[in-house]
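Enquirer: Below is the file model.csv, which contains CSV, C-alpha atoms.
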```csv
chain,number,residue,atom,x,y,z
A,1,MET,CA,3.3,17.5,1.7
A,2,LYS,CA,5.8,18.6,-0.9
A,3,VAL,CA,5.6,22.0,-2.6
A,4,TRP,CA,4.9,20.5,-6.1
A,5,LYS,CA,2.1,18.5,-4.7
A,6,LYS,CA,0.6,21.6,-3.1
A,7,TRP,CA,0.8,23.4,-6.4
A,8,CYS,CA,-0.9,20.5,-8.2
A,9,VAL,CA,-3.8,20.4,-5.7
A,10,PHE,CA,-4.1,24.2,-5.8
A,11,SER,CA,-4.2,24.4,-9.6
A,12,SER,CA,-6.6,21.5,-10.0
A,13,MET,CA,-9.0,22.6,-7.3
A,14,PHE,CA,-8.9,26.4,-7.6
A,15,LEU,CA,-10.8,26.6,-10.9
A,16,GLN,CA,-13.4,24.2,-9.5
A,17,PHE,CA,-13.8,26.4,-6.4
A,18,VAL,CA,-14.3,29.5,-8.6
A,19,LEU,CA,-16.8,27.8,-10.8
A,20,GLY,CA,-18.7,26.4,-7.8
A,21,VAL,CA,-18.9,29.9,-6.2
A,22,ILE,CA,-20.1,31.5,-9.5
A,23,GLY,CA,-22.7,28.7,-9.8
A,24,ILE,CA,-24.0,29.3,-6.3
A,25,LEU,CA,-24.1,33.1,-6.7
A,26,TRP,CA,-25.9,32.7,-10.0
A,27,TRP,CA,-28.5,30.5,-8.5
A,28,CYS,CA,-29.0,32.9,-5.5
A,29,TRP,CA,-29.1,36.1,-7.6
A,30,PRO,CA,-30.1,35.2,-11.2
A,31,GLN,CA,-31.2,38.8,-12.0
A,32,ALA,CA,-28.0,40.5,-10.7
A,33,SER,CA,-26.4,42.7,-13.3
A,34,LEU,CA,-23.1,40.6,-13.2
A,35,ALA,CA,-25.0,37.4,-13.6
A,36,VAL,CA,-26.9,38.8,-16.6
A,37,THR,CA,-23.6,40.1,-18.1
A,38,ILE,CA,-21.9,36.7,-17.6
A,39,SER,CA,-24.9,34.9,-19.1
A,40,GLU,CA,-24.8,37.1,-22.2
A,41,PHE,CA,-21.1,36.6,-22.5
A,42,LEU,CA,-21.3,32.8,-22.4
A,43,GLY,CA,-23.8,33.0,-25.2
A,44,THR,CA,-21.3,34.7,-27.5
A,45,GLU,CA,-18.7,32.9,-29.7
A,46,LEU,CA,-15.9,33.7,-27.3
A,47,GLY,CA,-18.0,32.6,-24.3
A,48,ARG,CA,-18.7,29.2,-26.0
A,49,TRP,CA,-14.9,28.8,-26.6
A,50,LEU,CA,-14.3,29.6,-22.9
A,51,ILE,CA,-16.8,27.0,-21.8
A,52,LEU,CA,-15.0,24.4,-24.1
A,53,VAL,CA,-11.6,25.3,-22.6
A,54,VAL,CA,-12.8,25.1,-19.0
A,55,ALA,CA,-14.7,21.9,-19.6
A,56,SER,CA,-11.6,20.3,-21.3
A,57,TYR,CA,-9.5,21.4,-18.3
A,58,LEU,CA,-11.9,19.8,-15.9
A,59,VAL,CA,-11.9,16.6,-17.9
A,60,ILE,CA,-8.1,16.5,-18.0
A,61,VAL,CA,-7.9,17.1,-14.2
A,62,ALA,CA,-10.4,14.4,-13.7
A,63,ILE,CA,-8.5,11.9,-15.8
A,64,PHE,CA,-5.2,12.8,-14.0
A,65,SER,CA,-6.9,12.4,-10.6
A,66,LEU,CA,-8.3,9.0,-11.5
A,67,GLY,CA,-5.0,7.9,-13.0
A,68,TRP,CA,-3.2,9.0,-9.9
A,69,MET,CA,-5.7,7.1,-7.7
A,70,LEU,CA,-5.3,3.9,-9.7
A,71,MET,CA,-1.5,4.2,-9.4
A,72,GLN,CA,-1.6,4.3,-5.6
A,73,PRO,CA,-1.5,1.0,-3.8
A,74,THR,CA,-4.6,0.2,-1.7
A,75,THR,CA,-3.7,0.3,2.0
A,76,GLN,CA,-5.5,0.5,5.3
A,77,LYS,CA,-3.8,1.9,8.4
A,78,VAL,CA,-0.1,1.3,8.3
A,79,MET,CA,2.4,0.8,11.2
A,80,THR,CA,6.2,0.9,11.1
A,81,ILE,CA,7.3,-2.1,13.0
A,82,HIS,CA,11.1,-1.9,12.6
A,83,ARG,CA,13.6,0.7,11.6
A,84,ASP,CA,17.2,0.3,10.8
A,85,HIS,CA,18.7,3.7,9.9
A,86,ALA,CA,17.2,4.5,6.4
A,87,SER,CA,15.4,1.2,6.1
A,88,LYS,CA,12.1,0.2,7.6
A,89,ILE,CA,9.3,-2.4,7.6
A,90,GLN,CA,5.7,-1.3,7.5
A,91,VAL,CA,2.8,-3.5,8.0
A,92,ASP,CA,-0.8,-3.0,6.9
A,93,GLN,CA,-3.7,-3.5,9.3
A,94,LYS,CA,-5.2,-6.2,6.9
A,95,ALA,CA,-1.9,-8.1,7.2
A,96,VAL,CA,-2.0,-8.1,11.0
A,97,GLU,CA,-5.7,-9.2,11.0
A,98,ASN,CA,-5.0,-12.1,8.5
A,99,GLN,CA,-1.9,-13.2,10.5
A,100,LEU,CA,-4.0,-13.6,13.6
A,101,ARG,CA,-7.0,-15.1,11.8
A,102,LEU,CA,-4.7,-17.8,10.4
A,103,THR,CA,-3.1,-18.4,13.8
A,104,LEU,CA,-6.4,-18.9,15.5
A,105,GLY,CA,-7.2,-21.6,12.9
A,106,LYS,CA,-5.6,-24.2,15.3
A,107,TYR,CA,-8.4,-23.8,17.8
A,108,ASP,CA,-11.9,-25.3,17.6
A,109,LEU,CA,-13.4,-22.1,16.3
A,110,ILE,CA,-15.4,-21.3,13.3
A,111,ASN,CA,-16.6,-18.0,11.8
A,112,VAL,CA,-13.6,-16.3,13.3
A,113,LYS,CA,-13.4,-12.6,12.8
A,114,VAL,CA,-10.4,-10.6,13.9
A,115,ARG,CA,-10.4,-6.8,14.0
A,116,VAL,CA,-7.2,-4.9,14.9
A,117,LYS,CA,-6.7,-1.3,15.9
A,118,LEU,CA,-3.1,-0.3,15.4
A,119,LEU,CA,-1.7,2.2,17.9
A,120,THR,CA,1.0,3.4,15.6
A,121,ASN,CA,2.8,5.7,18.1
A,122,HIS,CA,3.4,2.9,20.6
A,123,GLN,CA,3.8,-0.1,18.3
A,124,ARG,CA,0.9,-1.8,20.0
A,125,ALA,CA,-2.4,-3.1,18.9
A,126,ASP,CA,-5.9,-3.6,20.3
A,127,VAL,CA,-7.3,-6.9,19.1
A,128,PHE,CA,-10.9,-8.0,18.9
A,129,VAL,CA,-11.7,-11.7,18.3
A,130,GLN,CA,-15.1,-13.0,17.6
A,131,GLY,CA,-16.0,-16.6,16.8
A,132,ASP,CA,-18.3,-19.6,17.3
A,133,LEU,CA,-17.3,-22.6,19.3
A,134,ALA,CA,-17.1,-25.8,17.2
A,135,LYS,CA,-17.0,-28.1,20.2
A,136,ASN,CA,-17.7,-27.9,23.9
A,137,ALA,CA,-14.8,-26.3,25.6
A,138,ASP,CA,-13.7,-24.7,28.9
A,139,LEU,CA,-14.2,-21.0,28.0
A,140,SER,CA,-11.8,-19.6,30.5
A,141,VAL,CA,-9.0,-22.0,29.4
A,142,LEU,CA,-9.7,-21.3,25.7
A,143,GLU,CA,-9.6,-17.5,26.3
A,144,THR,CA,-6.3,-17.8,28.1
A,145,LYS,CA,-4.8,-19.8,25.3
A,146,ILE,CA,-6.1,-17.4,22.7
A,147,SER,CA,-4.8,-14.5,24.7
A,148,GLN,CA,-1.3,-16.1,25.0
A,149,THR,CA,-1.3,-17.1,21.3
A,150,VAL,CA,-2.3,-13.7,20.0
A,151,ALA,CA,0.3,-11.9,22.2
A,152,LYS,CA,3.1,-14.3,21.2
A,153,ASP,CA,2.2,-14.3,17.5
A,154,LEU,CA,2.1,-10.5,17.3
A,155,LYS,CA,5.4,-10.1,19.1
A,156,GLU,CA,7.3,-12.9,17.3
A,157,MET,CA,6.0,-12.4,13.8
A,158,LEU,CA,5.3,-8.7,13.6
A,159,ARG,CA,7.1,-7.1,16.6
A,160,ILE,CA,3.9,-5.6,17.8
A,161,ASP,CA,2.9,-5.6,21.5
A,162,LEU,CA,-0.6,-6.5,22.5
A,163,SER,CA,-2.3,-3.6,24.2
A,164,ARG,CA,-5.8,-4.9,24.7
A,165,LEU,CA,-7.6,-8.1,23.8
A,166,ASN,CA,-11.3,-8.6,23.6
A,167,VAL,CA,-12.5,-12.2,23.0
A,168,SER,CA,-16.1,-12.8,22.2
A,169,LEU,CA,-17.1,-16.5,21.8
A,170,GLN,CA,-20.5,-18.0,21.4
A,171,PRO,CA,-21.8,-21.5,20.8
A,172,TYR,CA,-22.4,-22.6,17.2
A,173,HIS,CA,-26.0,-23.1,16.4
A,174,TYR,CA,-26.9,-26.0,14.1
A,175,GLY,CA,-27.7,-24.8,10.6
A,176,GLN,CA,-25.6,-21.6,11.0
A,177,LYS,CA,-23.3,-20.7,8.1
A,178,ALA,CA,-19.7,-21.7,8.8
A,179,THR,CA,-16.7,-19.9,7.4
A,180,LEU,CA,-13.6,-21.9,7.8
A,181,ILE,CA,-10.0,-20.7,8.0
B,1,MET,CA,54.7,17.6,-32.5
B,2,GLU,CA,52.0,17.7,-29.9
B,3,THR,CA,50.4,14.4,-28.7
B,4,LYS,CA,46.9,14.6,-27.5
B,5,ASN,CA,46.0,12.2,-24.7
B,6,GLU,CA,42.4,11.4,-25.2
B,7,GLU,CA,40.7,9.7,-22.3
B,8,LEU,CA,37.7,7.5,-22.9
B,9,GLU,CA,34.8,8.7,-21.0
B,10,ARG,CA,32.9,5.7,-19.6
B,11,ASN,CA,29.4,5.8,-18.1
B,12,LEU,CA,27.3,2.9,-17.0
B,13,THR,CA,23.8,3.9,-16.0
B,14,PHE,CA,20.7,1.9,-15.2
B,15,ASP,CA,17.1,2.7,-15.7
B,16,ASP,CA,14.9,2.6,-12.6
B,17,GLN,CA,12.9,-0.2,-14.3
B,18,VAL,CA,16.0,-2.4,-14.6
B,19,ILE,CA,16.8,-2.1,-11.0
B,20,ALA,CA,13.1,-2.7,-10.1
B,21,LYS,CA,13.2,-5.9,-12.2
B,22,ILE,CA,16.4,-7.2,-10.6
B,23,ALA,CA,14.9,-6.4,-7.2
B,24,GLY,CA,11.6,-8.2,-8.1
B,25,ILE,CA,13.3,-11.3,-9.3
B,26,THR,CA,15.6,-11.4,-6.3
B,27,ALA,CA,12.9,-10.7,-3.7
B,28,SER,CA,10.5,-13.3,-5.0
B,29,GLN,CA,13.3,-15.9,-4.5
B,30,VAL,CA,13.5,-15.2,-0.8
B,31,PRO,CA,11.4,-17.7,1.3
B,32,GLY,CA,8.7,-15.9,3.1
B,33,ILE,CA,7.7,-13.5,0.3
B,34,ILE,CA,4.9,-15.1,-1.6
B,35,SER,CA,3.9,-12.2,-3.9
B,36,LEU,CA,4.8,-8.6,-4.7
B,37,ASP,CA,1.7,-6.4,-4.7
B,38,GLY,CA,1.2,-3.5,-7.1
B,39,ASN,CA,-1.5,-0.9,-7.5
B,40,MET,CA,-4.8,-1.5,-9.3
B,41,LEU,CA,-3.3,-0.7,-12.7
B,42,SER,CA,-0.3,-3.0,-12.4
B,43,GLU,CA,-2.4,-5.8,-10.9
B,44,PHE,CA,-4.7,-5.5,-13.9
B,45,THR,CA,-1.8,-5.6,-16.4
B,46,ASP,CA,-0.3,-8.4,-14.5
B,47,LYS,CA,-3.5,-10.4,-14.9
B,48,LEU,CA,-3.4,-9.7,-18.7
B,49,THR,CA,0.2,-10.7,-19.0
B,50,GLN,CA,-0.4,-13.8,-17.0
B,51,GLY,CA,1.8,-12.7,-14.1
B,52,ASN,CA,4.9,-11.8,-16.0
B,53,ASP,CA,5.3,-8.3,-14.6
B,54,GLN,CA,8.3,-8.6,-12.3
B,55,THR,CA,8.5,-4.9,-11.4
B,56,LYS,CA,5.0,-5.0,-9.8
B,57,GLY,CA,5.0,-3.4,-6.3
B,58,ILE,CA,8.5,-2.1,-6.6
B,59,GLU,CA,9.6,1.5,-6.6
B,60,ALA,CA,13.3,2.1,-7.4
B,61,GLN,CA,15.2,5.3,-7.2
B,62,VAL,CA,18.6,5.1,-8.8
B,63,GLY,CA,21.5,7.5,-8.3
B,64,GLU,CA,25.0,7.3,-9.8
B,65,LYS,CA,26.4,5.0,-7.0
B,66,GLN,CA,23.4,4.3,-4.7
B,67,VAL,CA,19.9,2.9,-4.9
B,68,ALA,CA,16.8,3.2,-2.8
B,69,LEU,CA,14.1,0.5,-3.0
B,70,LYS,CA,10.5,0.3,-1.8
B,71,LEU,CA,8.7,-3.1,-1.9
B,72,ALA,CA,5.1,-3.9,-1.3
B,73,VAL,CA,4.8,-7.6,-0.5
B,74,THR,CA,2.5,-10.3,0.8
B,75,LEU,CA,4.2,-12.3,3.6
B,76,GLU,CA,3.9,-16.0,3.9
B,77,TYR,CA,2.0,-17.0,7.0
B,78,GLY,CA,4.3,-18.3,9.8
B,79,LYS,CA,7.4,-16.3,8.7
B,80,SER,CA,8.8,-13.6,10.9
B,81,ALA,CA,8.5,-10.1,9.3
B,82,GLU,CA,11.9,-9.0,10.6
B,83,THR,CA,13.7,-12.1,9.5
B,84,VAL,CA,12.3,-11.9,6.0
B,85,PHE,CA,13.1,-8.2,5.9
B,86,THR,CA,16.8,-8.9,6.8
B,87,GLU,CA,17.1,-11.7,4.3
B,88,VAL,CA,15.6,-9.7,1.5
B,89,SER,CA,17.7,-6.7,2.3
B,90,ASP,CA,21.0,-8.8,2.5
B,91,LYS,CA,20.1,-10.6,-0.8
B,92,LEU,CA,19.3,-7.4,-2.6
B,93,THR,CA,22.5,-5.7,-1.4
B,94,GLN,CA,24.5,-8.6,-2.6
B,95,VAL,CA,22.8,-9.1,-6.0
B,96,LEU,CA,22.7,-5.3,-6.8
B,97,GLY,CA,26.3,-5.0,-5.8
B,98,GLU,CA,27.4,-7.9,-8.0
B,99,MET,CA,25.2,-7.0,-11.0
B,100,THR,CA,25.3,-3.3,-11.1
B,101,GLY,CA,27.9,-2.1,-8.6
B,102,LEU,CA,25.2,0.1,-6.9
B,103,LYS,CA,24.9,0.2,-3.2
B,104,LEU,CA,21.5,-0.3,-1.5
B,105,VAL,CA,21.3,2.6,1.0
B,106,LYS,CA,17.6,2.7,1.7
B,107,PHE,CA,15.2,-0.2,1.8
B,108,GLU,CA,11.5,-0.1,2.7
B,109,MET,CA,9.3,-3.1,2.9
B,110,HIS,CA,5.6,-2.7,3.2
B,111,ILE,CA,3.7,-5.8,4.2
B,112,ASN,CA,0.3,-5.5,2.5
B,113,ASP,CA,-1.1,-8.9,3.6
B,114,VAL,CA,-0.3,-12.2,5.2
B,115,LYS,CA,-1.4,-15.4,3.4
B,116,THR,CA,-0.7,-19.1,3.2
B,117,ARG,CA,0.4,-20.5,-0.2
B,118,GLU,CA,-2.9,-22.3,-0.5
B,119,GLU,CA,-4.8,-19.1,0.0
B,120,LEU,CA,-2.7,-17.4,-2.7
B,121,LYS,CA,-3.5,-20.2,-5.2
B,122,GLU,CA,-7.2,-20.0,-4.4
B,123,ASN,CA,-7.2,-16.2,-5.0
B,124,ASN,CA,-5.4,-16.6,-8.3
```
Would you mind writing the structure in this file as structure tokens?
Expert:
Amino acid sequence: MKVWKKWCVFSSMFLQFVLGVIGILWWCWPQASLAVTISEFLGTELGRWLILVVASYLVIVAIFSLGWMLMQPTTQKVMTIHRDHASKIQVDQKAVENQLRLTLGKYDLINVKVRVKLLTNHQRADVFVQGDLAKNADLSVLETKISQTVAKDLKEMLRIDLSRLNVSLQPYHYGQKATLI
Amino acid sequence: METKNEELERNLTFDDQVIAKIAGITASQVPGIISLDGNMLSEFTDKLTQGNDQTKGIEAQVGEKQVALKLAVTLEYGKSAETVFTEVSDKLTQVLGEMTGLKLVKFEMHINDVKTREELKENN
């Protein structure tokens, strides 16, 4: 983390920390002399101005934090799949899952769900495929085909090696909701 | 009599937004990139402006001679990420060189999602 970011986090969080600690101490020891003194001070004109300044500061910090959050792109886990000196390609977990889900559309499967765990240090991925069979099929042949397709697709399209594949297929029951690819 | 040789000082500079716009237009012309993805705020403004924000999902850092770009994209299903990356990078280097004289020295492409064109139409 860069120094300016550390200072931003420190300045925005420190006051909240202090206020939080004061609040807890006040609740635990309401009759302590310091608590009484602070309570009396906050009732004065100067104390009310102090409350206004602190409250305004907290509102500004909240607005900046919300603004910063909105400015950041929404991502899941990210993996770098190719580097060329200063340039690189990164891929989001959601992109890998959608790539595989669309590829598996050519098989007689419905309600296909694909979950991917990216092993970022090794450029590999664990893949979990779940789906319902739309037709009678030889399961072992289908699983082999799916395994080959997933490994080939990951390697060719995204340069990711398949680490582990878990395929869970079950027959489609009549009346069951069907999500199509 | 003393003659004063005054030299004209010339400076051509570009705003980050200009470079981002050039990059946005160029990248969206490359086959394989079906959309550029921004943050929540830029996606919202894009919806309001009916998709006219061409700097969405692009971060540009511009120096005097060099430029660094970061693109967040949705890849078209069936296209190889590396091939698309190379094509975008080459095209951007060429266009930026011709239009601005700046050299692309750092290029990062972040693939946010993979979609088919039909899926993209449905989502919009």
Enquirer: Between A:Val116, A:Ala151, A:Ile160, A:Val91, which residue has the minimum interatomic distance to chain B, considering only C-alpha atoms?
Expert: A:Val91
Enquirer: Measure the distance from CA of Glu108 (chain B) to CA of Ile58 (chain B) in Å and round it to one decimal.
Expert: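 Interatomic distance, CA of Glu108 (chain B) to CA of Ile58 (chain B): 10.0 Å.
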Enquirer: So the first atom is CA of Tyr107 (chain A) and the second is CA of Thr149 (chain A); what is the distance between them in Å, to one decimal place?
Expert: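 CA of Tyr107 (chain A) sits 10.4 Å away from CA of Thr149 (chain A).
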Enquirer: Taking (22.3, -8.7, -1.6) as a centre in this file's frame and 12 Å as the limit, can you find every polymer residue with an atom that close, using only C-alpha atoms, and give them as a list in words?
Expert: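 Result, sorted by chain then residue number: Ile22, Ala23, Thr26, Ala27, Gln29, Val30, Phe85, Thr86, Glu87, Val88, Ser89, Asp90, Lys91, Leu92, Thr93, Gln94, Val95, Leu96, Gly97, Glu98, Met99, Thr100, Gly101, Leu102, Lys103, Leu104, Val105 and Phe107 of chain B.
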Enquirer: Those selected residues, please, written with C-alpha atoms and delivered as a compact mmCIF listing (two decimals), in the coordinates of the input.
Expert:
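Saved as out-v1.txt:
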```
# COMPACT_ATOMS: atom_id res chain seq x y z
CA ILE B 22 16.40 -7.20 -10.60
CA ALA B 23 14.90 -6.40 -7.20
CA THR B 26 15.60 -11.40 -6.30
CA ALA B 27 12.90 -10.70 -3.70
CA GLN B 29 13.30 -15.90 -4.50
CA VAL B 30 13.50 -15.20 -0.80
CA PHE B 85 13.10 -8.20 5.90
CA THR B 86 16.80 -8.90 6.80
CA GLU B 87 17.10 -11.70 4.30
CA VAL B 88 15.60 -9.70 1.50
CA SER B 89 17.70 -6.70 2.30
CA ASP B 90 21.00 -8.80 2.50
CA LYS B 91 20.10 -10.60 -0.80
CA LEU B 92 19.30 -7.40 -2.60
CA THR B 93 22.50 -5.70 -1.40
CA GLN B 94 24.50 -8.60 -2.60
CA VAL B 95 22.80 -9.10 -6.00
CA LEU B 96 22.70 -5.30 -6.80
CA GLY B 97 26.30 -5.00 -5.80
CA GLU B 98 27.40 -7.90 -8.00
CA MET B 99 25.20 -7.00 -11.00
CA THR B 100 25.30 -3.30 -11.10
CA GLY B 101 27.90 -2.10 -8.60
CA LEU B 102 25.20 0.10 -6.90
CA LYS B 103 24.90 0.20 -3.20
CA LEU B 104 21.50 -0.30 -1.50
CA VAL B 105 21.30 2.60 1.00
CA PHE B 107 15.20 -0.20 1.80
```
Enquirer: What does the distance from CA of Pro31 (chain B) to CA of Leu70 (chain A) come to in Å, to one decimal?
Expert: 29.4 Å
Enquirer: Using all atoms listed in the file, determine which residues of chain B fall within 7 Å of chain A; present them as an NGL selection string.
Expert: :B and (38-41 or 77 or 79-81 or 106-114)
Enquirer: With C-alpha atoms retained, could you export that selection as a PDB file, in the frame of the given file?
Expert:
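Result went into part.pdb, see below:
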```
ATOM      1  CA  GLY B  38       1.200  -3.500  -7.100  1.00  0.00           C
ATOM      2  CA  ASN B  39      -1.500  -0.900  -7.500  1.00  0.00           C
ATOM      3  CA  MET B  40      -4.800  -1.500  -9.300  1.00  0.00           C
ATOM      4  CA  LEU B  41      -3.300  -0.700 -12.700  1.00  0.00           C
ATOM      5  CA  TYR B  77       2.000 -17.000   7.000  1.00  0.00           C
ATOM      6  CA  LYS B  79       7.400 -16.300   8.700  1.00  0.00           C
ATOM      7  CA  SER B  80       8.800 -13.600  10.900  1.00  0.00           C
ATOM      8  CA  ALA B  81       8.500 -10.100   9.300  1.00  0.00           C
ATOM      9  CA  LYS B 106      17.600   2.700   1.700  1.00  0.00           C
ATOM     10  CA  PHE B 107      15.200  -0.200   1.800  1.00  0.00           C
ATOM     11  CA  GLU B 108      11.500  -0.100   2.700  1.00  0.00           C
ATOM     12  CA  MET B 109       9.300  -3.100   2.900  1.00  0.00           C
ATOM     13  CA  HIS B 110       5.600  -2.700   3.200  1.00  0.00           C
ATOM     14  CA  ILE B 111       3.700  -5.800   4.200  1.00  0.00           C
ATOM     15  CA  ASN B 112       0.300  -5.500   2.500  1.00  0.00           C
ATOM     16  CA  ASP B 113      -1.100  -8.900   3.600  1.00  0.00           C
ATOM     17  CA  VAL B 114      -0.300 -12.200   5.200  1.00  0.00           C
TER      18      VAL B 114
END
```
Enquirer: With 10 Å as the threshold, what does the neighbourhood of (-17.7, 28.6, -17.7) contain in terms of residues, counting only C-alpha atoms? Coordinates are those of the file; answer as number ranges by chain.
Expert: A: 15, 18-19, 22-23, 38-39, 41-42, 47-55
Enquirer: Could those residues be written to a file, using C-alpha atoms, as a short mmCIF file (atom, residue, chain, number, x, y, z; two decimals), in the frame of the given file?
Expert:
```
data_model
loop_
_atom_site.label_atom_id
_atom_site.label_comp_id
_atom_site.auth_asym_id
_atom_site.auth_seq_id
_atom_site.Cartn_x
_atom_site.Cartn_y
_atom_site.Cartn_z
CA LEU A 15 -10.80 26.60 -10.90
CA VAL A 18 -14.30 29.50 -8.60
CA LEU A 19 -16.80 27.80 -10.80
CA ILE A 22 -20.10 31.50 -9.50
CA GLY A 23 -22.70 28.70 -9.80
CA ILE A 38 -21.90 36.70 -17.60
CA SER A 39 -24.90 34.90 -19.10
CA PHE A 41 -21.10 36.60 -22.50
CA LEU A 42 -21.30 32.80 -22.40
CA GLY A 47 -18.00 32.60 -24.30
CA ARG A 48 -18.70 29.20 -26.00
CA TRP A 49 -14.90 28.80 -26.60
CA LEU A 50 -14.30 29.60 -22.90
CA ILE A 51 -16.80 27.00 -21.80
CA LEU A 52 -15.00 24.40 -24.10
CA VAL A 53 -11.60 25.30 -22.60
CA VAL A 54 -12.80 25.10 -19.00
CA ALA A 55 -14.70 21.90 -19.60
#
```
Enquirer: For Thr37 (chain A), please output as a ChimeraX atom specification all residues within 12 Å (counting only C-alpha atoms; exclusion window: fewer than 6 positions along the same chain).
Expert: /A:26,30-31,43-44,47
Enquirer: With distances taken over all atoms listed in the file, which residue among B:Asn11, B:Thr83, B:Asn123, B:Gln17 lies nearest Glu59 (chain B)?
Expert: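 Closest to Glu59 (chain B) of all the choices is B:Gln17.
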Enquirer: Could you name the residues that touch Asn166 (chain A) at 9 Å or less, counting only C-alpha atoms, but leaving out those on the same chain fewer than 5 positions away, as a short mmCIF file (atom, residue, chain, number, x, y, z; two decimals) with C-alpha atoms, in the frame of the given file?
Expert:
```
data_model
loop_
_atom_site.label_atom_id
_atom_site.label_comp_id
_atom_site.auth_asym_id
_atom_site.auth_seq_id
_atom_site.Cartn_x
_atom_site.Cartn_y
_atom_site.Cartn_z
CA ASP A 126 -5.90 -3.60 20.30
CA VAL A 127 -7.30 -6.90 19.10
CA PHE A 128 -10.90 -8.00 18.90
CA VAL A 129 -11.70 -11.70 18.30
CA GLN A 130 -15.10 -13.00 17.60
CA SER A 147 -4.80 -14.50 24.70
#
```
Enquirer: From the set A:Val167, A:Asp161, A:Val61, A:Lys77, which residue has the shortest atom-to-atom contact distance to Leu104 (chain A), counting all atoms listed in the file?
Expert: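 Ranking A:Val167, A:Asp161, A:Val61, A:Lys77 by distance to Leu104 (chain A), first place goes to A:Val167.
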Enquirer: Restricting the calculation to all atoms listed in the file, which member of B:Leu36, B:Asp15, B:Leu71, B:Glu82 is positioned closest to Asn52 (chain B)?
Expert: B:Leu36
